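Everything below concerns the one structure shown next.
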Amino acid sequence: MRAVVLGTGMIGTTVVTELAKFPNIESVTAVDGVKASVEKCIEIAANPKVIGQVASLQTEEDITRVLKDADVAVACLPHSLSLPAISAAISTKCHLIDLVGSKFEEKMELDQAAKDAGVLIMPGCGVAPGITNFLAAQGIELLDEADEAVMICGGIPRFPVPPLWYQVVFRLESVLGLYTRPALAAENGELIKLPPLSGLEKLSFPEPVGICEAVITDAHSTAHTLKDKVKKLYEKTVRYEGHWDKMGTLAELGFLDDQPLKIDGHYITPRAFAEKVLSPKLQGSSKEDITVVRVEVSGIKNGNPTKYTWEMVDLYDHNRNITSMAKTTALPAMLLANWIARKKINAVGIVPIENVIINEHFDPFIEELRTLGIEIAFKEEVLV
């Protein structure tokens, strides 16, 4: 099969490099609007099956031109280009794995068009959303009656520094939404929205992480797909102690607002100003990072209160020379693209990952992640 990867940043380059290693993949075209980024991707991949292409990816029409001869694609693009990429994939009859999980309801409106085109579109296929989604779904499947599913994830620095104890591994503009946007969750079969920064709790992970804090953030597609299968479902994002309180104060004071202010005759949003001020404070002292995941699903199994827990503490990947967040985001998406190429997934339409990597697909996918260096521990507890 001919594959295309849209975007050649660290995540896209990882997808290109790993996907090209599979014998069933005929070619991988790495596409980006920046020539230097494409050239660096080709150099890192070091595989004759990788083809570089410099092309604009700013509109649906741009992406359509790139996908016209492809069989499967992986979109490593900003949130704003997720829907255009999906529409382009449908029009070109190209299967698509998308890292972005936002605007799920809008994407589901394209479900019939994807089915008519005979293509599979899978949104939200990174670590969170992504890995956390199918772990929660599998836990629910294993129980006779599911009471609660909690998905916890965070990308944190290996060597945190004050004052915010955090460093940006993706786009700062995306991170800032966590502090201001209501969080989608599910309770008793209904979608609910919780205030930003609610549900603050302390928790700990194995060394080298230690004590952290987490707040409720958006549960993405799982709030829609799993709300009728579990009584309560939500997602939490992890940071080191003190981070949420400091950022919450900035949000409360209006520094993260989007409403433009006129200052000395010029209009600027407080958030744009905050991005400029905070950006150098969020670079960290090292490129090394840690990705933590904990998914807990509790309920009744064989008449007994039971809890399933999956946990991952993943460190910077020195062998691939990439961040843990890039690795744990790129590899699930890459594997899904290869599974489509191998015809291990035969669904069509807009299908979230939690509807696919469960039951008979769950253990094989976990095992393939393990062989690629993503270790997820599992524990079952029968509660008294």
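Ligands are numbered from 1 in the order shown, chains are lettered A, B, ... in the order of the structure tokens, and residues start at 1 in each chain.
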Could the residues of stretch 90-184 of chain A that have an atom at most 6 Å from stretch 286-289 of chain A be listed as a Markdown table, each with its closest atom pair and the distance in Å to one decimal, counting only C-alpha atoms and ordered by chain and ascending residue number?
| residue | atom | partner | partner_atom | distance |
| --- | --- | --- | --- | --- |
| A:Ile156 | CA | A:Asp289 | CA | 5.8 |
| A:Pro157 | CA | A:Asp289 | CA | 4.3 |
| A:Arg158 | CA | A:Asp289 | CA | 4.5 |
Convert the current residue selection to file output with N, CA and C atoms, as a PDB file, in the first residue's frame.
ATOM      1  N   ILE A 156       5.016  15.453  30.956  1.00  0.00           N
ATOM      2  CA  ILE A 156       5.678  16.307  31.943  1.00  0.00           C
ATOM      3  C   ILE A 156       7.190  16.261  31.737  1.00  0.00           C
ATOM      4  N   PRO A 157       7.901  17.303  32.190  1.00  0.00           N
ATOM      5  CA  PRO A 157       9.361  17.319  32.005  1.00  0.00           C
ATOM      6  C   PRO A 157      10.060  16.312  32.896  1.00  0.00           C
ATOM      7  N   ARG A 158      11.142  15.762  32.378  1.00  0.00           N
ATOM      8  CA  ARG A 158      11.962  14.846  33.183  1.00  0.00           C
ATOM      9  C   ARG A 158      12.673  15.610  34.289  1.00  0.00           C
TER      10      ARG A 158
END
Shell of 12 Å around A:Gln58, only C-alpha atoms, local chain residues under 3 positions omitted, as number ranges by chain: A: 6-7, 32-33, 55, 61-66, 77-85, 88
Contacts between stretch 365-384 of chain A and stretch 302-342 of chain A, please, where a residue of stretch 302-342 of chain A counts if it comes within 6 Å (with only C-alpha atoms); show its shortest atom pair and distance in Å to one decimal, rows by chain and ascending number, as CSV.
residue,atom,partner,partner_atom,distance
A:Pro305,CA,A:Leu383,CA,5.2
A:Thr306,CA,A:Val382,CA,4.5
A:Lys307,CA,A:Glu381,CA,5.2
A:Tyr308,CA,A:Glu380,CA,4.7
A:Thr309,CA,A:Lys379,CA,5.2
A:Trp310,CA,A:Phe378,CA,4.5
A:Glu311,CA,A:Ala377,CA,5.2
A:Met312,CA,A:Ile376,CA,4.8
Write out as number ranges by chain all residues of stretch 132-327 of chain A that backbone DSSP assigns to alpha helix (DSSP H). A: 132-142, 172-176, 221-225, 243-252, 270-278, 324-327
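Near A:Val209, within 10 Å and counting only C-alpha atoms, sit A:Ile156, A:Pro157, A:Arg158, A:Phe159, A:Ser204, A:Phe205, A:Tyr240, A:Ile290, A:Thr291, A:Val292, A:Val313; same-chain residues fewer than 4 positions away were not included.
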Which value, in Å to one decimal, gives the distance between atom CA of A:Ile97 and atom CA of A:Ala341? 11.7 Å
Do a neighbour search on A:Ala3 at 7 Å with only C-alpha atoms, toss out local chain neighbours closer than 3 positions, and write the hits as a ChimeraX atom specification. /A:27-29,70-73
Dump of N, CA and C atoms for the selected residues, as a tab-separated table (two decimals), in the first residue's frame:
chain	number	residue	atom	x	y	z
A	27	SER	N	5.37	2.39	-0.25
A	27	SER	CA	6.06	3.67	-0.20
A	27	SER	C	5.41	4.55	0.86
A	28	VAL	N	6.20	5.50	1.38
A	28	VAL	CA	5.68	6.49	2.32
A	28	VAL	C	6.09	7.87	1.83
A	29	THR	N	5.10	8.69	1.49
A	29	THR	CA	5.37	10.05	1.05
A	29	THR	C	5.24	10.99	2.23
A	70	ALA	N	-2.98	8.09	-2.88
A	70	ALA	CA	-2.61	7.35	-1.67
A	70	ALA	C	-3.68	6.33	-1.28
A	71	ASP	N	-3.27	5.28	-0.58
A	71	ASP	CA	-4.20	4.28	-0.05
A	71	ASP	C	-4.54	4.55	1.40
A	72	VAL	N	-3.55	4.99	2.18
A	72	VAL	CA	-3.76	5.27	3.60
A	72	VAL	C	-2.89	6.47	3.98
A	73	ALA	N	-3.40	7.30	4.88
A	73	ALA	CA	-2.65	8.48	5.30
A	73	ALA	C	-2.72	8.63	6.81
Within 8 Å of stretch 242-247 of chain A, counting only C-alpha atoms, which residues show up once you throw out same-chain ones fewer than 6 positions away? Write them as JSON, numbers by chain, please. {"A": [164, 165, 166, 179, 197, 213, 215]}
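Using only C-alpha atoms, the smallest distance between any of A:Thr328, A:Ile345, A:Leu278, A:Gly189 and A:Glu360 comes from A:Ile345.
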Residues of stretch 283-336 of chain A in strand (DSSP E or B), written as a JSON list (two decimals) with all heavy atoms, in the first residue's frame:
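Writing done, so here's selection_35.json:
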[["chain", "number", "residue", "atom", "x", "y", "z"],
["A", 289, "ASP", "N", 11.63, 14.25, 28.45],
["A", 289, "ASP", "CA", 10.29, 14.35, 29.02],
["A", 289, "ASP", "C", 9.82, 12.98, 29.49],
["A", 289, "ASP", "O", 10.51, 11.97, 29.32],
["A", 289, "ASP", "CB", 9.30, 14.90, 27.98],
["A", 289, "ASP", "CG", 9.06, 13.94, 26.82],
["A", 289, "ASP", "OD1", 10.00, 13.18, 26.47],
["A", 289, "ASP", "OD2", 7.96, 13.92, 26.26],
["A", 290, "ILE", "N", 8.65, 12.96, 30.11],
["A", 290, "ILE", "CA", 8.01, 11.73, 30.58],
["A", 290, "ILE", "C", 6.54, 11.79, 30.20],
["A", 290, "ILE", "O", 5.91, 12.83, 30.33],
["A", 290, "ILE", "CB", 8.12, 11.58, 32.11],
["A", 290, "ILE", "CG1", 9.58, 11.66, 32.58],
["A", 290, "ILE", "CG2", 7.50, 10.27, 32.58],
["A", 290, "ILE", "CD1", 9.75, 11.71, 34.09],
["A", 291, "THR", "N", 6.01, 10.67, 29.74],
["A", 291, "THR", "CA", 4.56, 10.56, 29.51],
["A", 291, "THR", "C", 4.00, 9.55, 30.49],
["A", 291, "THR", "O", 4.50, 8.42, 30.58],
["A", 291, "THR", "CB", 4.25, 10.10, 28.08],
["A", 291, "THR", "OG1", 4.91, 10.97, 27.15],
["A", 291, "THR", "CG2", 2.74, 10.16, 27.82],
["A", 292, "VAL", "N", 3.00, 9.97, 31.25],
["A", 292, "VAL", "CA", 2.37, 9.07, 32.21],
["A", 292, "VAL", "C", 0.92, 8.80, 31.78],
["A", 292, "VAL", "O", 0.23, 9.69, 31.29],
["A", 292, "VAL", "CB", 2.39, 9.63, 33.65],
["A", 292, "VAL", "CG1", 3.82, 9.73, 34.15],
["A", 292, "VAL", "CG2", 1.70, 10.98, 33.73],
["A", 293, "VAL", "N", 0.50, 7.57, 31.96],
["A", 293, "VAL", "CA", -0.88, 7.16, 31.69],
["A", 293, "VAL", "C", -1.34, 6.26, 32.82],
["A", 293, "VAL", "O", -0.59, 5.38, 33.27],
["A", 293, "VAL", "CB", -1.00, 6.40, 30.34],
["A", 293, "VAL", "CG1", -2.35, 5.66, 30.25],
["A", 293, "VAL", "CG2", -0.86, 7.35, 29.17],
["A", 294, "ARG", "N", -2.53, 6.50, 33.31],
["A", 294, "ARG", "CA", -3.19, 5.56, 34.22],
["A", 294, "ARG", "C", -4.67, 5.56, 33.88],
["A", 294, "ARG", "O", -5.33, 6.60, 33.91],
["A", 294, "ARG", "CB", -2.99, 5.96, 35.68],
["A", 294, "ARG", "CG", -3.68, 5.00, 36.66],
["A", 294, "ARG", "CD", -3.45, 5.42, 38.10],
["A", 294, "ARG", "NE", -2.04, 5.30, 38.46],
["A", 294, "ARG", "CZ", -1.43, 6.07, 39.35],
["A", 294, "ARG", "NH1", -2.10, 7.04, 39.96],
["A", 294, "ARG", "NH2", -0.15, 5.90, 39.62],
["A", 295, "VAL", "N", -5.19, 4.40, 33.54],
["A", 295, "VAL", "CA", -6.61, 4.25, 33.25],
["A", 295, "VAL", "C", -7.18, 3.25, 34.24],
["A", 295, "VAL", "O", -6.70, 2.11, 34.33],
["A", 295, "VAL", "CB", -6.85, 3.77, 31.80],
["A", 295, "VAL", "CG1", -8.33, 3.49, 31.57],
["A", 295, "VAL", "CG2", -6.35, 4.82, 30.81],
["A", 296, "GLU", "N", -8.18, 3.70, 35.00],
["A", 296, "GLU", "CA", -8.82, 2.86, 36.02],
["A", 296, "GLU", "C", -10.30, 2.69, 35.67],
["A", 296, "GLU", "O", -11.01, 3.67, 35.46],
["A", 296, "GLU", "CB", -8.69, 3.51, 37.40],
["A", 296, "GLU", "CG", -7.25, 3.68, 37.86],
["A", 296, "GLU", "CD", -7.12, 4.41, 39.18],
["A", 296, "GLU", "OE1", -7.93, 5.34, 39.41],
["A", 296, "GLU", "OE2", -6.24, 4.06, 39.97],
["A", 297, "VAL", "N", -10.71, 1.44, 35.59],
["A", 297, "VAL", "CA", -12.11, 1.13, 35.29],
["A", 297, "VAL", "C", -12.63, 0.20, 36.38],
["A", 297, "VAL", "O", -12.05, -0.87, 36.63],
["A", 297, "VAL", "CB", -12.26, 0.46, 33.91],
["A", 297, "VAL", "CG1", -13.73, 0.29, 33.57],
["A", 297, "VAL", "CG2", -11.57, 1.29, 32.83],
["A", 298, "SER", "N", -13.69, 0.59, 37.03],
["A", 298, "SER", "CA", -14.22, -0.20, 38.15],
["A", 298, "SER", "C", -15.69, -0.53, 37.96],
["A", 298, "SER", "O", -16.42, 0.20, 37.28],
["A", 298, "SER", "CB", -14.03, 0.56, 39.47],
["A", 298, "SER", "OG", -14.65, 1.83, 39.42],
["A", 299, "GLY", "N", -16.11, -1.65, 38.55],
["A", 299, "GLY", "CA", -17.49, -2.09, 38.43],
["A", 299, "GLY", "C", -17.66, -3.47, 39.02],
["A", 299, "GLY", "O", -16.97, -3.84, 39.98],
["A", 300, "ILE", "N", -18.54, -4.25, 38.42],
["A", 300, "ILE", "CA", -18.85, -5.60, 38.92],
["A", 300, "ILE", "C", -18.44, -6.65, 37.90],
["A", 300, "ILE", "O", -18.77, -6.54, 36.72],
["A", 300, "ILE", "CB", -20.36, -5.73, 39.24],
["A", 300, "ILE", "CG1", -20.80, -4.68, 40.24],
["A", 300, "ILE", "CG2", -20.65, -7.14, 39.75],
["A", 300, "ILE", "CD1", -20.12, -4.77, 41.59],
["A", 301, "LYS", "N", -17.73, -7.67, 38.38],
["A", 301, "LYS", "CA", -17.35, -8.81, 37.55],
["A", 301, "LYS", "C", -17.62, -10.09, 38.34],
["A", 301, "LYS", "O", -17.11, -10.25, 39.47],
["A", 301, "LYS", "CB", -15.86, -8.74, 37.18],
["A", 301, "LYS", "CG", -15.35, -9.90, 36.34],
["A", 301, "LYS", "CD", -15.92, -9.84, 34.92],
["A", 301, "LYS", "CE", -15.28, -10.89, 34.02],
["A", 301, "LYS", "NZ", -15.79, -10.85, 32.65],
["A", 304, "ASN", "N", -18.56, -9.61, 41.94],
["A", 304, "ASN", "CA", -17.62, -8.99, 42.86],
["A", 304, "ASN", "C", -17.21, -7.60, 42.39],
["A", 304, "ASN", "O", -16.99, -7.39, 41.19],
["A", 304, "ASN", "CB", -16.35, -9.84, 42.99],
["A", 304, "ASN", "CG", -16.63, -11.21, 43.56],
["A", 304, "ASN", "OD1", -17.32, -11.34, 44.57],
["A", 304, "ASN", "ND2", -16.11, -12.25, 42.92],
["A", 305, "PRO", "N", -17.06, -6.64, 43.32],
["A", 305, "PRO", "CA", -16.50, -5.33, 42.94],
["A", 305, "PRO", "C", -15.07, -5.52, 42.42],
["A", 305, "PRO", "O", -14.24, -6.14, 43.09],
["A", 305, "PRO", "CB", -16.50, -4.55, 44.25],
["A", 305, "PRO", "CG", -17.49, -5.25, 45.13],
["A", 305, "PRO", "CD", -17.42, -6.70, 44.74],
["A", 306, "THR", "N", -14.81, -5.01, 41.24],
["A", 306, "THR", "CA", -13.53, -5.26, 40.56],
["A", 306, "THR", "C", -13.01, -3.97, 39.95],
["A", 306, "THR", "O", -13.79, -3.16, 39.45],
["A", 306, "THR", "CB", -13.70, -6.33, 39.47],
["A", 306, "THR", "OG1", -14.20, -7.54, 40.07],
["A", 306, "THR", "CG2", -12.39, -6.64, 38.78],
["A", 307, "LYS", "N", -11.70, -3.80, 39.97],
["A", 307, "LYS", "CA", -11.08, -2.64, 39.31],
["A", 307, "LYS", "C", -9.93, -3.10, 38.42],
["A", 307, "LYS", "O", -9.08, -3.90, 38.84],
["A", 307, "LYS", "CB", -10.57, -1.62, 40.34],
["A", 307, "LYS", "CG", -9.95, -0.39, 39.68],
["A", 307, "LYS", "CD", -9.70, 0.74, 40.67],
["A", 307, "LYS", "CE", -8.48, 0.48, 41.52],
["A", 307, "LYS", "NZ", -8.12, 1.68, 42.32],
["A", 308, "TYR", "N", -9.91, -2.60, 37.20],
["A", 308, "TYR", "CA", -8.81, -2.84, 36.28],
["A", 308, "TYR", "C", -8.00, -1.56, 36.15],
["A", 308, "TYR", "O", -8.56, -0.47, 35.98],
["A", 308, "TYR", "CB", -9.32, -3.24, 34.89],
["A", 308, "TYR", "CG", -10.18, -4.49, 34.89],
["A", 308, "TYR", "CD1", -11.50, -4.45, 34.45],
["A", 308, "TYR", "CD2", -9.66, -5.71, 35.32],
["A", 308, "TYR", "CE1", -12.28, -5.59, 34.44],
["A", 308, "TYR", "CE2", -10.44, -6.86, 35.31],
["A", 308, "TYR", "CZ", -11.75, -6.79, 34.87],
["A", 308, "TYR", "OH", -12.53, -7.92, 34.86],
["A", 309, "THR", "N", -6.68, -1.69, 36.22],
["A", 309, "THR", "CA", -5.80, -0.53, 36.10],
["A", 309, "THR", "C", -4.71, -0.81, 35.07],
["A", 309, "THR", "O", -4.04, -1.84, 35.14],
["A", 309, "THR", "CB", -5.14, -0.19, 37.45],
["A", 309, "THR", "OG1", -6.15, 0.05, 38.44],
["A", 309, "THR", "CG2", -4.27, 1.07, 37.32],
["A", 310, "TRP", "N", -4.57, 0.10, 34.13],
["A", 310, "TRP", "CA", -3.44, 0.08, 33.20],
["A", 310, "TRP", "C", -2.57, 1.29, 33.50],
["A", 310, "TRP", "O", -3.08, 2.39, 33.73],
["A", 310, "TRP", "CB", -3.91, 0.15, 31.75],
["A", 310, "TRP", "CG", -4.53, -1.11, 31.24],
["A", 310, "TRP", "CD1", -3.89, -2.15, 30.63],
["A", 310, "TRP", "CD2", -5.92, -1.47, 31.26],
["A", 310, "TRP", "NE1", -4.79, -3.13, 30.28],
["A", 310, "TRP", "CE2", -6.05, -2.75, 30.65],
["A", 310, "TRP", "CE3", -7.08, -0.83, 31.73],
["A", 310, "TRP", "CZ2", -7.27, -3.39, 30.51],
["A", 310, "TRP", "CZ3", -8.30, -1.48, 31.60],
["A", 310, "TRP", "CH2", -8.39, -2.74, 30.99],
["A", 311, "GLU", "N", -1.26, 1.10, 33.49],
["A", 311, "GLU", "CA", -0.36, 2.21, 33.82],
["A", 311, "GLU", "C", 0.88, 2.20, 32.93],
["A", 311, "GLU", "O", 1.43, 1.14, 32.62],
["A", 311, "GLU", "CB", 0.07, 2.13, 35.29],
["A", 311, "GLU", "CG", 0.90, 3.33, 35.75],
["A", 311, "GLU", "CD", 1.08, 3.33, 37.26],
["A", 311, "GLU", "OE1", 0.19, 3.82, 37.98],
["A", 311, "GLU", "OE2", 2.14, 2.82, 37.72],
["A", 312, "MET", "N", 1.29, 3.39, 32.53],
["A", 312, "MET", "CA", 2.49, 3.56, 31.70],
["A", 312, "MET", "C", 3.29, 4.75, 32.22],
["A", 312, "MET", "O", 2.74, 5.81, 32.48],
["A", 312, "MET", "CB", 2.08, 3.82, 30.24],
["A", 312, "MET", "CG", 3.25, 4.05, 29.28],
["A", 312, "MET", "SD", 2.68, 4.66, 27.66],
["A", 312, "MET", "CE", 2.46, 6.41, 28.03],
["A", 313, "VAL", "N", 4.59, 4.56, 32.39],
["A", 313, "VAL", "CA", 5.51, 5.66, 32.65],
["A", 313, "VAL", "C", 6.61, 5.54, 31.59],
["A", 313, "VAL", "O", 7.47, 4.67, 31.66],
["A", 313, "VAL", "CB", 6.11, 5.58, 34.07],
["A", 313, "VAL", "CG1", 7.12, 6.71, 34.27],
["A", 313, "VAL", "CG2", 5.01, 5.67, 35.13],
["A", 314, "ASP", "N", 6.55, 6.41, 30.59],
["A", 314, "ASP", "CA", 7.43, 6.30, 29.43],
["A", 314, "ASP", "C", 8.40, 7.48, 29.42],
["A", 314, "ASP", "O", 7.99, 8.63, 29.55],
["A", 314, "ASP", "CB", 6.60, 6.29, 28.14],
["A", 314, "ASP", "CG", 7.44, 5.98, 26.93],
["A", 314, "ASP", "OD1", 7.67, 4.78, 26.67],
["A", 314, "ASP", "OD2", 7.88, 6.93, 26.26],
["A", 315, "LEU", "N", 9.69, 7.19, 29.23],
["A", 315, "LEU", "CA", 10.73, 8.21, 29.26],
["A", 315, "LEU", "C", 11.18, 8.59, 27.85],
["A", 315, "LEU", "O", 10.86, 7.92, 26.87],
["A", 315, "LEU", "CB", 11.93, 7.71, 30.06],
["A", 315, "LEU", "CG", 11.66, 7.20, 31.48],
["A", 315, "LEU", "CD1", 12.98, 6.81, 32.15],
["A", 315, "LEU", "CD2", 10.92, 8.23, 32.30],
["A", 317, "ASP", "N", 12.98, 8.89, 24.51],
["A", 317, "ASP", "CA", 13.51, 7.78, 23.73],
["A", 317, "ASP", "C", 14.87, 8.16, 23.16],
["A", 317, "ASP", "O", 14.97, 8.86, 22.13],
["A", 317, "ASP", "CB", 12.53, 7.43, 22.60],
["A", 317, "ASP", "CG", 12.87, 6.12, 21.90],
["A", 317, "ASP", "OD1", 14.08, 5.84, 21.75],
["A", 317, "ASP", "OD2", 11.94, 5.39, 21.51],
["A", 322, "ILE", "N", 13.85, 11.06, 20.25],
["A", 322, "ILE", "CA", 12.59, 11.79, 20.20],
["A", 322, "ILE", "C", 12.00, 11.84, 21.61],
["A", 322, "ILE", "O", 12.32, 11.03, 22.47],
["A", 322, "ILE", "CB", 11.56, 11.14, 19.25],
["A", 322, "ILE", "CG1", 11.29, 9.68, 19.66],
["A", 322, "ILE", "CG2", 12.02, 11.21, 17.80],
["A", 322, "ILE", "CD1", 10.17, 9.03, 18.88]]
Find the residues near A:Asn321: any atom within 10 Å, counting only C-alpha atoms, skip ones fewer than 2 places away on the same chain, and give them as a short mmCIF file (atom, residue, chain, number, x, y, z; two decimals) with N, CA and C atoms, in the first residue's frame.
data_model
loop_
_atom_site.label_atom_id
_atom_site.label_comp_id
_atom_site.auth_asym_id
_atom_site.auth_seq_id
_atom_site.Cartn_x
_atom_site.Cartn_y
_atom_site.Cartn_z
N MET A 10 8.30 16.32 14.57
CA MET A 10 8.87 15.15 15.26
C MET A 10 7.92 13.95 15.21
N THR A 14 8.52 10.51 12.97
CA THR A 14 8.51 9.19 13.62
C THR A 14 7.57 8.25 12.91
N LYS A 287 15.57 18.59 26.98
CA LYS A 287 14.55 18.12 26.03
C LYS A 287 13.90 16.83 26.51
N GLU A 288 14.44 16.24 27.57
CA GLU A 288 13.90 14.97 28.05
C GLU A 288 12.55 15.17 28.73
N TYR A 316 11.90 9.68 27.78
CA TYR A 316 12.49 10.15 26.52
C TYR A 316 13.18 8.99 25.81
N ASP A 317 12.98 8.89 24.51
CA ASP A 317 13.51 7.78 23.73
C ASP A 317 14.87 8.16 23.16
N HIS A 318 15.94 7.71 23.81
CA HIS A 318 17.29 8.06 23.37
C HIS A 318 17.67 7.29 22.10
N ASN A 319 17.11 6.12 21.89
CA ASN A 319 17.45 5.37 20.68
C ASN A 319 16.92 6.06 19.43
N THR A 323 11.11 12.79 21.82
CA THR A 323 10.44 12.89 23.11
C THR A 323 9.52 11.70 23.32
N SER A 324 9.27 11.40 24.58
CA SER A 324 8.32 10.35 24.91
C SER A 324 6.94 10.68 24.36
N LYS A 327 6.81 9.86 20.72
CA LYS A 327 6.79 8.41 20.51
C LYS A 327 5.42 7.82 20.80
#
What lies within 8 Å of A:Leu335 using only C-alpha atoms, ignoring chain neighbours under 4 positions off, as an MDAnalysis selection string? chainID A and resid 19 331 339 368
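For the choices A:Phe362, A:Phe134, A:Tyr234, A:Phe104, the atom-to-atom distance to A:Ala183 is smallest for A:Tyr234 when using only C-alpha atoms.
Between A:Pro196 and the residues A:Glu354, A:Glu252, A:Glu275, A:Asp228, the shortest atom-to-atom distance, using only C-alpha atoms, involves A:Glu252.
Comparing A:Asn355, A:Ser285, A:Asn47, A:Thr249 by their smallest distance to A:Thr225, the closest is A:Asn355 (using only C-alpha atoms).
A straight line drawn from atom CA of A:Gly248 to atom CA of A:Val127 is 24.7 Å long.
Candidate residues A:Val38, A:Leu253, A:Ala337, A:Met1 were compared for distance to A:Ile25, and the nearest is A:Met1, using only C-alpha atoms.
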